[in-house]
file data-v5.csv (CSV, C-alpha atoms and all ligand atoms)
chain,number,residue,atom,x,y,z
A,1,MET,CA,-19.7,-14.1,-4.0
A,2,THR,CA,-21.2,-13.9,-0.5
A,3,GLU,CA,-18.8,-14.0,2.5
A,4,GLN,CA,-20.1,-17.5,3.4
A,5,GLU,CA,-19.3,-18.6,-0.1
A,6,TYR,CA,-15.9,-17.0,0.1
A,7,LEU,CA,-15.3,-18.8,3.4
A,8,LYS,CA,-16.3,-22.2,1.9
A,9,LYS,CA,-14.1,-21.7,-1.1
A,10,TYR,CA,-11.0,-20.4,0.6
A,11,LEU,CA,-10.9,-21.7,4.2
A,12,HIS,CA,-7.9,-24.0,4.5
A,13,PRO,CA,-8.9,-27.7,4.8
A,14,ASN,CA,-7.4,-28.0,8.3
A,15,ASP,CA,-9.4,-25.1,9.7
A,16,ASN,CA,-12.8,-25.7,11.4
A,17,TYR,CA,-15.6,-24.3,9.3
A,18,GLU,CA,-18.0,-23.9,12.3
A,19,GLU,CA,-15.5,-21.9,14.2
A,20,ALA,CA,-14.8,-19.8,11.2
A,21,LEU,CA,-18.5,-19.1,10.6
A,22,LYS,CA,-18.8,-18.0,14.2
A,23,ARG,CA,-16.0,-15.5,13.7
A,24,LEU,CA,-17.6,-14.3,10.5
A,25,ASN,CA,-20.9,-13.8,12.4
A,26,ASN,CA,-19.1,-11.9,15.1
A,27,GLY,CA,-18.1,-9.3,12.5
A,28,GLU,CA,-14.6,-10.3,11.6
A,29,PRO,CA,-13.4,-9.8,8.0
A,30,VAL,CA,-13.4,-13.1,6.1
A,31,GLN,CA,-9.9,-12.4,4.9
A,32,TYR,CA,-8.5,-12.5,8.4
A,33,ILE,CA,-10.4,-15.7,9.1
A,34,VAL,CA,-9.0,-17.4,6.0
A,35,GLY,CA,-5.6,-15.9,6.8
A,36,ASP,CA,-4.5,-15.0,3.3
A,37,VAL,CA,-5.7,-13.1,0.2
A,38,GLU,CA,-4.7,-13.1,-3.5
A,39,PHE,CA,-3.0,-9.9,-4.5
A,40,TYR,CA,-1.8,-9.4,-8.1
A,41,HIS,CA,-1.3,-13.2,-8.5
A,42,HIS,CA,0.5,-13.6,-5.2
A,43,LEU,CA,-0.8,-15.2,-2.0
A,44,ILE,CA,-0.4,-12.7,0.9
A,45,LYS,CA,-0.8,-13.6,4.5
A,46,VAL,CA,-3.0,-11.2,6.5
A,47,ASN,CA,-3.7,-10.8,10.2
A,48,LYS,CA,-5.0,-8.1,12.5
A,49,ASN,CA,-1.6,-6.3,12.3
A,50,VAL,CA,-1.9,-5.5,8.6
A,51,LEU,CA,-4.4,-3.8,6.3
A,52,ILE,CA,-6.3,-6.2,4.0
A,53,PRO,CA,-4.9,-5.4,0.5
A,54,ARG,CA,-7.6,-3.8,-1.7
A,55,PRO,CA,-8.3,-4.3,-5.4
A,56,GLU,CA,-7.6,-0.5,-5.9
A,57,THR,CA,-4.0,-1.2,-4.7
A,58,GLU,CA,-3.6,-3.9,-7.4
A,59,GLU,CA,-4.6,-1.1,-9.9
A,60,LEU,CA,-1.9,1.1,-8.3
A,61,VAL,CA,0.7,-1.7,-8.8
A,62,GLU,CA,-0.4,-2.3,-12.4
A,63,LYS,CA,-0.3,1.3,-13.4
A,64,THR,CA,3.1,1.8,-11.7
A,65,ILE,CA,4.6,-1.3,-13.5
A,66,ASN,CA,3.4,0.2,-16.8
A,67,LEU,CA,5.0,3.6,-16.1
A,68,ILE,CA,8.2,2.0,-14.9
A,69,ASN,CA,8.5,-0.2,-18.0
A,70,LYS,CA,8.1,2.9,-20.2
A,71,LYS,CA,10.5,5.1,-18.3
A,72,PHE,CA,13.2,2.9,-16.9
A,73,PRO,CA,15.0,0.4,-19.2
A,74,ASN,CA,17.8,-0.2,-16.6
A,75,GLU,CA,18.2,-1.0,-13.0
A,76,ILE,CA,16.1,1.0,-10.6
A,77,ASN,CA,15.7,1.6,-6.8
A,78,ILE,CA,12.2,1.6,-5.4
A,79,LEU,CA,10.9,2.6,-1.9
A,80,ASP,CA,7.5,1.6,-0.6
A,81,ILE,CA,6.3,3.7,2.3
A,82,GLY,CA,3.8,2.1,4.7
A,83,THR,CA,4.2,-1.4,3.3
A,84,GLY,CA,1.8,-3.2,5.6
A,85,SER,CA,1.5,-6.9,4.5
A,86,GLY,CA,4.3,-6.2,1.9
A,87,CYS,CA,1.8,-6.7,-1.0
A,88,ILE,CA,3.1,-3.8,-3.1
A,89,PRO,CA,6.8,-4.5,-3.1
A,90,ILE,CA,6.2,-8.3,-3.6
A,91,ALA,CA,4.1,-7.6,-6.7
A,92,LEU,CA,6.5,-5.0,-8.0
A,93,LYS,CA,9.6,-7.2,-7.4
A,94,SER,CA,8.3,-10.2,-9.2
A,95,ASN,CA,7.4,-8.1,-12.2
A,96,ILE,CA,10.4,-5.8,-12.4
A,97,LYS,CA,13.4,-8.0,-12.5
A,98,ASN,CA,16.1,-5.3,-12.4
A,99,SER,CA,14.8,-3.6,-9.3
A,100,HIS,CA,16.1,-3.1,-5.8
A,101,ILE,CA,13.3,-2.6,-3.4
A,102,ASP,CA,13.3,-1.1,0.1
A,103,ALA,CA,10.0,-1.2,2.0
A,104,ILE,CA,9.3,0.6,5.3
A,105,ASP,CA,6.6,0.7,7.9
A,106,ILE,CA,6.3,2.2,11.4
A,107,SER,CA,4.7,-1.0,12.7
A,108,LYS,CA,7.1,-3.8,13.7
A,109,GLU,CA,4.2,-6.3,13.7
A,110,ALA,CA,3.3,-5.4,10.1
A,111,LEU,CA,6.9,-5.7,9.0
A,112,ASP,CA,7.1,-9.2,10.6
A,113,THR,CA,4.2,-10.2,8.3
A,114,ALA,CA,5.7,-8.5,5.3
A,115,ILE,CA,9.0,-10.4,5.8
A,116,GLU,CA,7.1,-13.7,6.0
A,117,ASN,CA,5.1,-12.8,2.9
A,118,ALA,CA,8.3,-12.0,0.9
A,119,LYS,CA,9.8,-15.3,1.9
A,120,LEU,CA,6.7,-17.2,1.0
A,121,ASN,CA,6.7,-15.5,-2.4
A,122,ASN,CA,10.5,-15.9,-2.9
A,123,GLN,CA,11.1,-12.2,-3.4
A,124,ASP,CA,14.2,-10.4,-2.1
A,125,ILE,CA,13.1,-7.1,-0.5
A,126,ASN,CA,14.8,-5.1,2.2
A,127,PHE,CA,12.2,-4.3,5.0
A,128,TYR,CA,12.9,-1.9,7.8
A,129,ILE,CA,11.2,0.2,10.4
A,130,SER,CA,10.9,3.9,9.7
A,131,ASP,CA,8.6,6.8,10.5
A,132,ILE,CA,8.1,7.9,6.9
A,133,PHE,CA,11.7,9.0,6.0
A,134,SER,CA,13.2,8.9,9.5
A,135,ASN,CA,15.5,5.9,8.8
A,136,VAL,CA,15.7,6.2,5.0
A,137,ASN,CA,19.2,7.0,3.7
A,138,ASN,CA,19.0,6.2,0.0
A,139,LYS,CA,17.8,7.8,-3.2
A,140,TYR,CA,15.2,6.2,-5.3
A,141,ASN,CA,13.8,6.2,-8.8
A,142,VAL,CA,10.4,5.2,-7.6
A,143,ILE,CA,8.6,6.2,-4.3
A,144,ILE,CA,5.3,4.4,-4.0
A,145,SER,CA,2.9,4.6,-1.2
A,146,ASN,CA,-0.7,3.7,-0.2
A,147,PRO,CA,-0.5,5.6,3.1
A,148,PRO,CA,-3.3,6.0,5.8
A,149,TYR,CA,-5.7,8.5,4.3
A,150,ILE,CA,-9.0,8.4,6.2
A,151,ARG,CA,-9.9,11.6,8.1
A,152,GLU,CA,-10.0,11.2,11.8
A,153,ASP,CA,-13.7,12.3,12.0
A,154,GLU,CA,-14.8,10.2,9.0
A,155,GLU,CA,-17.4,7.5,9.5
A,156,ILE,CA,-16.3,4.3,7.9
A,157,MET,CA,-17.8,0.8,7.8
A,158,PRO,CA,-17.8,-0.9,11.3
A,159,ILE,CA,-16.1,-4.0,9.9
A,160,VAL,CA,-13.1,-1.9,8.9
A,161,LYS,CA,-13.1,0.4,11.9
A,162,ASN,CA,-13.5,-2.5,14.4
A,163,ASN,CA,-10.9,-4.9,12.9
A,164,GLU,CA,-8.2,-3.3,10.8
A,165,PRO,CA,-5.3,-1.5,12.4
A,166,HIS,CA,-6.1,2.2,13.0
A,167,VAL,CA,-2.4,3.1,12.3
A,168,ALA,CA,-3.1,1.8,8.8
A,169,LEU,CA,-6.3,3.8,8.3
A,170,TYR,CA,-6.4,7.2,9.8
A,171,ALA,CA,-4.3,10.3,9.1
A,172,LYS,CA,-4.4,13.7,10.7
A,173,ASP,CA,-4.7,16.9,8.7
A,174,ASN,CA,-8.0,15.8,7.0
A,175,GLY,CA,-6.3,12.6,5.9
A,176,LEU,CA,-3.6,14.5,4.0
A,177,TYR,CA,-0.7,14.2,6.6
A,178,PHE,CA,1.3,11.5,4.8
A,179,TYR,CA,1.0,13.1,1.3
A,180,LYS,CA,2.2,16.4,2.7
A,181,GLU,CA,5.1,14.9,4.7
A,182,ILE,CA,6.2,12.7,1.8
A,183,LEU,CA,6.0,15.4,-0.8
A,184,LYS,CA,7.8,17.9,1.4
A,185,GLU,CA,10.8,15.7,1.9
A,186,ALA,CA,10.7,13.6,-1.3
A,187,HIS,CA,13.3,15.6,-3.2
A,188,ASN,CA,16.0,14.5,-0.7
A,189,TYR,CA,15.2,10.8,-1.5
A,190,LEU,CA,14.7,10.9,-5.3
A,191,GLN,CA,17.1,10.3,-8.1
A,192,LYS,CA,17.1,12.6,-11.1
A,193,GLU,CA,14.7,10.4,-13.0
A,194,TYR,CA,11.8,9.6,-10.8
A,195,ILE,CA,8.2,8.5,-10.4
A,196,ILE,CA,6.1,9.1,-7.2
A,197,ALA,CA,3.0,6.9,-7.2
A,198,PHE,CA,0.3,7.4,-4.6
A,199,GLU,CA,-3.0,5.7,-3.9
A,200,ILE,CA,-5.4,8.5,-2.5
A,201,GLY,CA,-8.9,8.9,-1.1
A,202,GLU,CA,-11.5,9.6,-3.6
A,203,GLU,CA,-12.1,13.1,-2.4
A,204,GLN,CA,-8.5,14.1,-2.1
A,205,GLY,CA,-7.4,14.4,-5.7
A,206,GLN,CA,-7.5,18.2,-6.0
A,207,TYR,CA,-5.9,18.8,-2.6
A,208,ILE,CA,-3.0,16.4,-3.3
A,209,THR,CA,-2.5,17.8,-6.8
A,210,ASN,CA,-2.2,21.2,-5.3
A,211,ILE,CA,0.3,20.1,-2.7
A,212,ALA,CA,2.3,18.3,-5.4
A,213,LYS,CA,2.3,21.4,-7.6
A,214,GLN,CA,3.8,23.3,-4.6
A,215,TYR,CA,6.7,21.0,-4.1
A,216,PHE,CA,7.1,19.7,-7.7
A,217,PRO,CA,6.2,22.8,-9.8
A,218,LYS,CA,8.2,21.5,-12.8
A,219,SER,CA,7.0,17.9,-12.8
A,220,LYS,CA,4.2,16.2,-14.6
A,221,ILE,CA,1.3,15.5,-12.2
A,222,ILE,CA,-1.3,13.0,-13.3
A,223,LEU,CA,-4.6,12.3,-11.4
A,224,GLU,CA,-6.2,9.0,-12.4
A,225,LYS,CA,-9.4,7.2,-11.6
A,226,ASP,CA,-9.9,3.6,-10.4
A,227,LEU,CA,-12.2,1.1,-12.2
A,228,ARG,CA,-15.2,2.4,-10.2
A,229,ASN,CA,-14.5,5.8,-11.7
A,230,PHE,CA,-13.3,7.5,-8.5
A,231,ASP,CA,-10.2,9.7,-8.3
A,232,ARG,CA,-7.7,7.2,-6.8
A,233,PHE,CA,-4.1,7.6,-8.0
A,234,ILE,CA,-1.6,10.4,-8.4
A,235,PHE,CA,1.6,10.0,-10.3
A,236,ILE,CA,4.3,12.6,-10.3
A,237,THR,CA,7.2,12.2,-12.8
A,238,ASN,CA,10.1,14.4,-13.9
A,239,GLU,CA,9.4,15.4,-17.5
A,301,LIG,C1,-3.2,2.0,4.2
A,301,LIG,S1,-2.0,0.9,4.9
A,301,LIG,C2,-1.2,0.3,3.4
A,301,LIG,C3,-0.6,-1.1,3.6
A,301,LIG,C4,-0.2,-1.7,2.3
A,301,LIG,N1,0.8,-0.9,1.6
A,301,LIG,C5,-1.3,-1.9,1.3
A,301,LIG,O1,-1.4,-1.2,0.3
A,301,LIG,O2,-2.2,-2.8,1.5
A,301,LIG,C6,-0.8,2.1,5.5
A,301,LIG,C7,0.5,1.6,6.2
A,301,LIG,O3,1.2,2.7,6.6
A,301,LIG,C8,1.8,2.4,7.9
A,301,LIG,N2,2.2,3.6,8.6
A,301,LIG,C9,1.4,4.4,9.4
A,301,LIG,N3,2.0,5.4,9.9
A,301,LIG,C10,3.3,5.3,9.3
A,301,LIG,C11,4.5,6.2,9.5
A,301,LIG,N4,4.5,7.3,10.2
A,301,LIG,N5,5.6,5.8,8.8
A,301,LIG,C12,5.6,4.6,8.1
A,301,LIG,N6,4.5,3.8,7.9
A,301,LIG,C13,3.4,4.2,8.5
A,301,LIG,C14,0.8,1.5,8.6
A,301,LIG,O4,1.4,0.7,9.6
A,301,LIG,C15,0.2,0.7,7.4
A,301,LIG,O5,0.9,-0.5,7.3

call {"tool": "encode", "arguments": {"input": "data-v5.csv", "output": "structure tokens", "more": "lines below"}}
Ligand SMILES: C[S@@+](CC[C@H](N)C(=O)[O-])C[C@H]1O[C@@H](n2cnc3c(N)ncnc32)[C@H](O)[C@@H]1O
result
Amino acid sequence: MTEQEYLKKYLHPNDNYEEALKRLNNGEPVQYIVGDVEFYHHLIKVNKNVLIPRPETEELVEKTINLINKKFPNEINILDIGTGSGCIPIALKSNIKNSHIDAIDISKEALDTAIENAKLNNQDINFYISDIFSNVNNKYNVIISNPPYIREDEEIMPIVKNNEPHVALYAKDNGLYFYKEILKEAHNYLQKEYIIAFEIGEEQGQYITNIAKQYFPKSKIILEKDLRNFDRFIFITNE
């Protein structure tokens, strides 16, 4: 579907099509113009304060749900780091009934949108501000994150660079900063039975696997590909 077709199909009836087309021609992502996207069967509001949820992140959710269903028959605690629009915890909560979910972000504006999205989707999630673990005080069975992972010197598509929040895109240390920080501290925030689930950049698989081996030498570390056959996910579980 072209972006014009997408706009025609999804623009809300009260919105002005000519205005919307102007914004599209000025280089704005069609999802911000429409104002919401479908993510794992949920409608998620998006605006310039949050990353537009990507199909790969739906795959992360799907794979994580499958792992959780296999590993945890009982109640579990989940933490989502860098929740953005709240798409990940909303999709998890509606599929894993016996879960308590906390979701954090450093951006107050993103959290406002996430809270609105949880309400719209009738999901009970506890959102709060935190710089990675700085305000986290609980222990979790599942830590999930799609953190910023683009290298600061990486050339990306202008439509992304010019519109989506840079705090959601870029990470220092060759894009690895968040994986290192999360893995370094994660033991303090995990229960005995755990899953860590990451979305990663397609060139980061080996680097993050090595960091994971350093902090989780006895755990199972699985690197998985997305539907386009790029390395995209890392799962770390206690054996
Ligand atoms: C790639 S976006 C992911 C958003 C959403 N989880 C998704 O998958 O669509 C990364 C998110 O991490 C947040 N973030 C950036 N730095 C952070 C930090 N130091 N602590 C917590 N969250 C942070 C950003 O505000 C952004 O919402």

call {"tool": "residues_around", "arguments": {"input": "data-v5.csv", "residues": "range 75-81 of chain A", "least_positions_apart": "3", "cutoff": "8 Å", "atoms": "all atoms listed in the file", "output": "PyMOL selection string"}}
result
chain A and resi 72+88-89+98-105+132+139-147

call {"tool": "write_last_selection", "arguments": {"input": "data-v5.csv", "atoms": "C-alpha atoms", "output": "tab-separated table (two decimals), in the coordinates of the input"}}
result
chain	number	residue	atom	x	y	z
A	72	PHE	CA	13.20	2.90	-16.90
A	88	ILE	CA	3.10	-3.80	-3.10
A	89	PRO	CA	6.80	-4.50	-3.10
A	98	ASN	CA	16.10	-5.30	-12.40
A	99	SER	CA	14.80	-3.60	-9.30
A	100	HIS	CA	16.10	-3.10	-5.80
A	101	ILE	CA	13.30	-2.60	-3.40
A	102	ASP	CA	13.30	-1.10	0.10
A	103	ALA	CA	10.00	-1.20	2.00
A	104	ILE	CA	9.30	0.60	5.30
A	105	ASP	CA	6.60	0.70	7.90
A	132	ILE	CA	8.10	7.90	6.90
A	139	LYS	CA	17.80	7.80	-3.20
A	140	TYR	CA	15.20	6.20	-5.30
A	141	ASN	CA	13.80	6.20	-8.80
A	142	VAL	CA	10.40	5.20	-7.60
A	143	ILE	CA	8.60	6.20	-4.30
A	144	ILE	CA	5.30	4.40	-4.00
A	145	SER	CA	2.90	4.60	-1.20
A	146	ASN	CA	-0.70	3.70	-0.20
A	147	PRO	CA	-0.50	5.60	3.10

call {"tool": "closest_residue", "arguments": {"input": "data-v5.csv", "among": "A:Glu224, A:Glu199, A:Glu164, A:Asp231", "to": "Glu28 in chain A", "atoms": "only C-alpha atoms"}}
result
A:Glu164

call {"tool": "closest_residue", "arguments": {"input": "data-v5.csv", "among": "A:Asn47, A:Thr209, A:Asn229, A:Asn25", "to": "Thr113 in chain A", "atoms": "only C-alpha atoms"}}
result
A:Asn47

call {"tool": "residues_near_ligand", "arguments": {"input": "data-v5.csv", "ligand": "ligand LIG 301 (chain A)", "cutoff": "7 Å", "atoms": "only C-alpha atoms and all ligand atoms", "output": "CSV table (one decimal) with C-alpha atoms, keeping the file's coordinate frame"}}
result
chain,number,residue,atom,x,y,z
A,50,VAL,CA,-1.9,-5.5,8.6
A,51,LEU,CA,-4.4,-3.8,6.3
A,52,ILE,CA,-6.3,-6.2,4.0
A,53,PRO,CA,-4.9,-5.4,0.5
A,54,ARG,CA,-7.6,-3.8,-1.7
A,57,THR,CA,-4.0,-1.2,-4.7
A,81,ILE,CA,6.3,3.7,2.3
A,82,GLY,CA,3.8,2.1,4.7
A,83,THR,CA,4.2,-1.4,3.3
A,84,GLY,CA,1.8,-3.2,5.6
A,85,SER,CA,1.5,-6.9,4.5
A,86,GLY,CA,4.3,-6.2,1.9
A,87,CYS,CA,1.8,-6.7,-1.0
A,88,ILE,CA,3.1,-3.8,-3.1
A,104,ILE,CA,9.3,0.6,5.3
A,105,ASP,CA,6.6,0.7,7.9
A,106,ILE,CA,6.3,2.2,11.4
A,107,SER,CA,4.7,-1.0,12.7
A,110,ALA,CA,3.3,-5.4,10.1
A,130,SER,CA,10.9,3.9,9.7
A,131,ASP,CA,8.6,6.8,10.5
A,132,ILE,CA,8.1,7.9,6.9
A,145,SER,CA,2.9,4.6,-1.2
A,146,ASN,CA,-0.7,3.7,-0.2
A,147,PRO,CA,-0.5,5.6,3.1
A,148,PRO,CA,-3.3,6.0,5.8
A,149,TYR,CA,-5.7,8.5,4.3
A,167,VAL,CA,-2.4,3.1,12.3
A,168,ALA,CA,-3.1,1.8,8.8
A,169,LEU,CA,-6.3,3.8,8.3

call {"tool": "residues_around", "arguments": {"input": "data-v5.csv", "residues": "range 14-17 of chain A", "least_positions_apart": "4", "cutoff": "12 Å", "atoms": "only C-alpha atoms", "output": "JSON, numbers by chain"}}
result
{"A": [4, 5, 6, 7, 8, 9, 10, 21, 22, 23, 24, 30, 33, 34, 35]}

call {"tool": "closest_residue", "arguments": {"input": "data-v5.csv", "among": "A:Gln214, A:Asn69, A:Asn74, A:Asn137", "to": "Leu183 in chain A", "atoms": "all atoms listed in the file"}}
result
A:Gln214

call {"tool": "atom_distance", "arguments": {"input": "data-v5.csv", "atom1": "CA of Pro55 in chain A", "atom2": "CA of Pro13 in chain A"}}
result
25.5 Å

call {"tool": "residues_around", "arguments": {"input": "data-v5.csv", "residues": "Val61 in chain A", "least_positions_apart": "3", "cutoff": "8 Å", "atoms": "all atoms listed in the file", "output": "list in words"}}
result
Thr57, Glu58, Thr64, Ile65, Ile88, Ala91 and Leu92 of chain A

call {"tool": "atom_distance", "arguments": {"input": "data-v5.csv", "atom1": "CA of Glu38 in chain A", "atom2": "CA of Leu67 in chain A"}}
result
23.1 Å

call {"tool": "atom_distance", "arguments": {"input": "data-v5.csv", "atom1": "CA of Tyr189 in chain A", "atom2": "CA of Ser134 in chain A"}}
result
11.3 Å

call {"tool": "closest_residue", "arguments": {"input": "data-v5.csv", "among": "A:Gln31, A:Ser219, A:Asn49, A:Asn135", "to": "Ala114 in chain A", "atoms": "only C-alpha atoms"}}
result
A:Asn49

call {"tool": "axis_aligned_box", "arguments": {"input": "data-v5.csv", "around": "range 52-55 of chain A", "padding_each_side": "3 Å", "output": "JSON"}}
result
{"center_x": -6.6, "center_y": -5.0, "center_z": -0.7, "size_x": 9.4, "size_y": 8.4, "size_z": 15.4}

call {"tool": "closest_residue", "arguments": {"input": "data-v5.csv", "among": "A:Phe178, A:Asp112, A:Asn95, A:Asn122", "to": "Asn66 in chain A", "atoms": "all atoms listed in the file"}}
result
A:Asn95

call {"tool": "residues_around", "arguments": {"input": "data-v5.csv", "residues": "Phe233 in chain A", "least_positions_apart": "5", "cutoff": "10 Å", "atoms": "all atoms listed in the file", "output": "PyMOL selection string"}}
result
chain A and resi 56-57+59-60+63-64+146+197-202+204-205+222-226

call {"tool": "closest_residue", "arguments": {"input": "data-v5.csv", "among": "A:Ala212, A:Lys48, A:Ala20, A:Asn26", "to": "Pro158 in chain A", "atoms": "only C-alpha atoms"}}
result
A:Asn26

call {"tool": "residues_around", "arguments": {"input": "data-v5.csv", "residues": "Glu181 in chain A", "least_positions_apart": "5", "cutoff": "10 Å", "atoms": "all atoms listed in the file", "output": "compact mmCIF listing (two decimals) with C-alpha atoms, keeping the file's coordinate frame"}}
result
# COMPACT_ATOMS: atom_id res chain seq x y z
CA ILE A 132 8.10 7.90 6.90
CA PHE A 133 11.70 9.00 6.00
CA LEU A 176 -3.60 14.50 4.00
CA ALA A 186 10.70 13.60 -1.30

call {"tool": "residues_near_point", "arguments": {"input": "data-v5.csv", "point": "(3.4, 16.9, -1.2)", "cutoff": "7 Å", "atoms": "all atoms listed in the file", "output": "number ranges by chain"}}
result
A: 179-184, 208, 211-212, 215
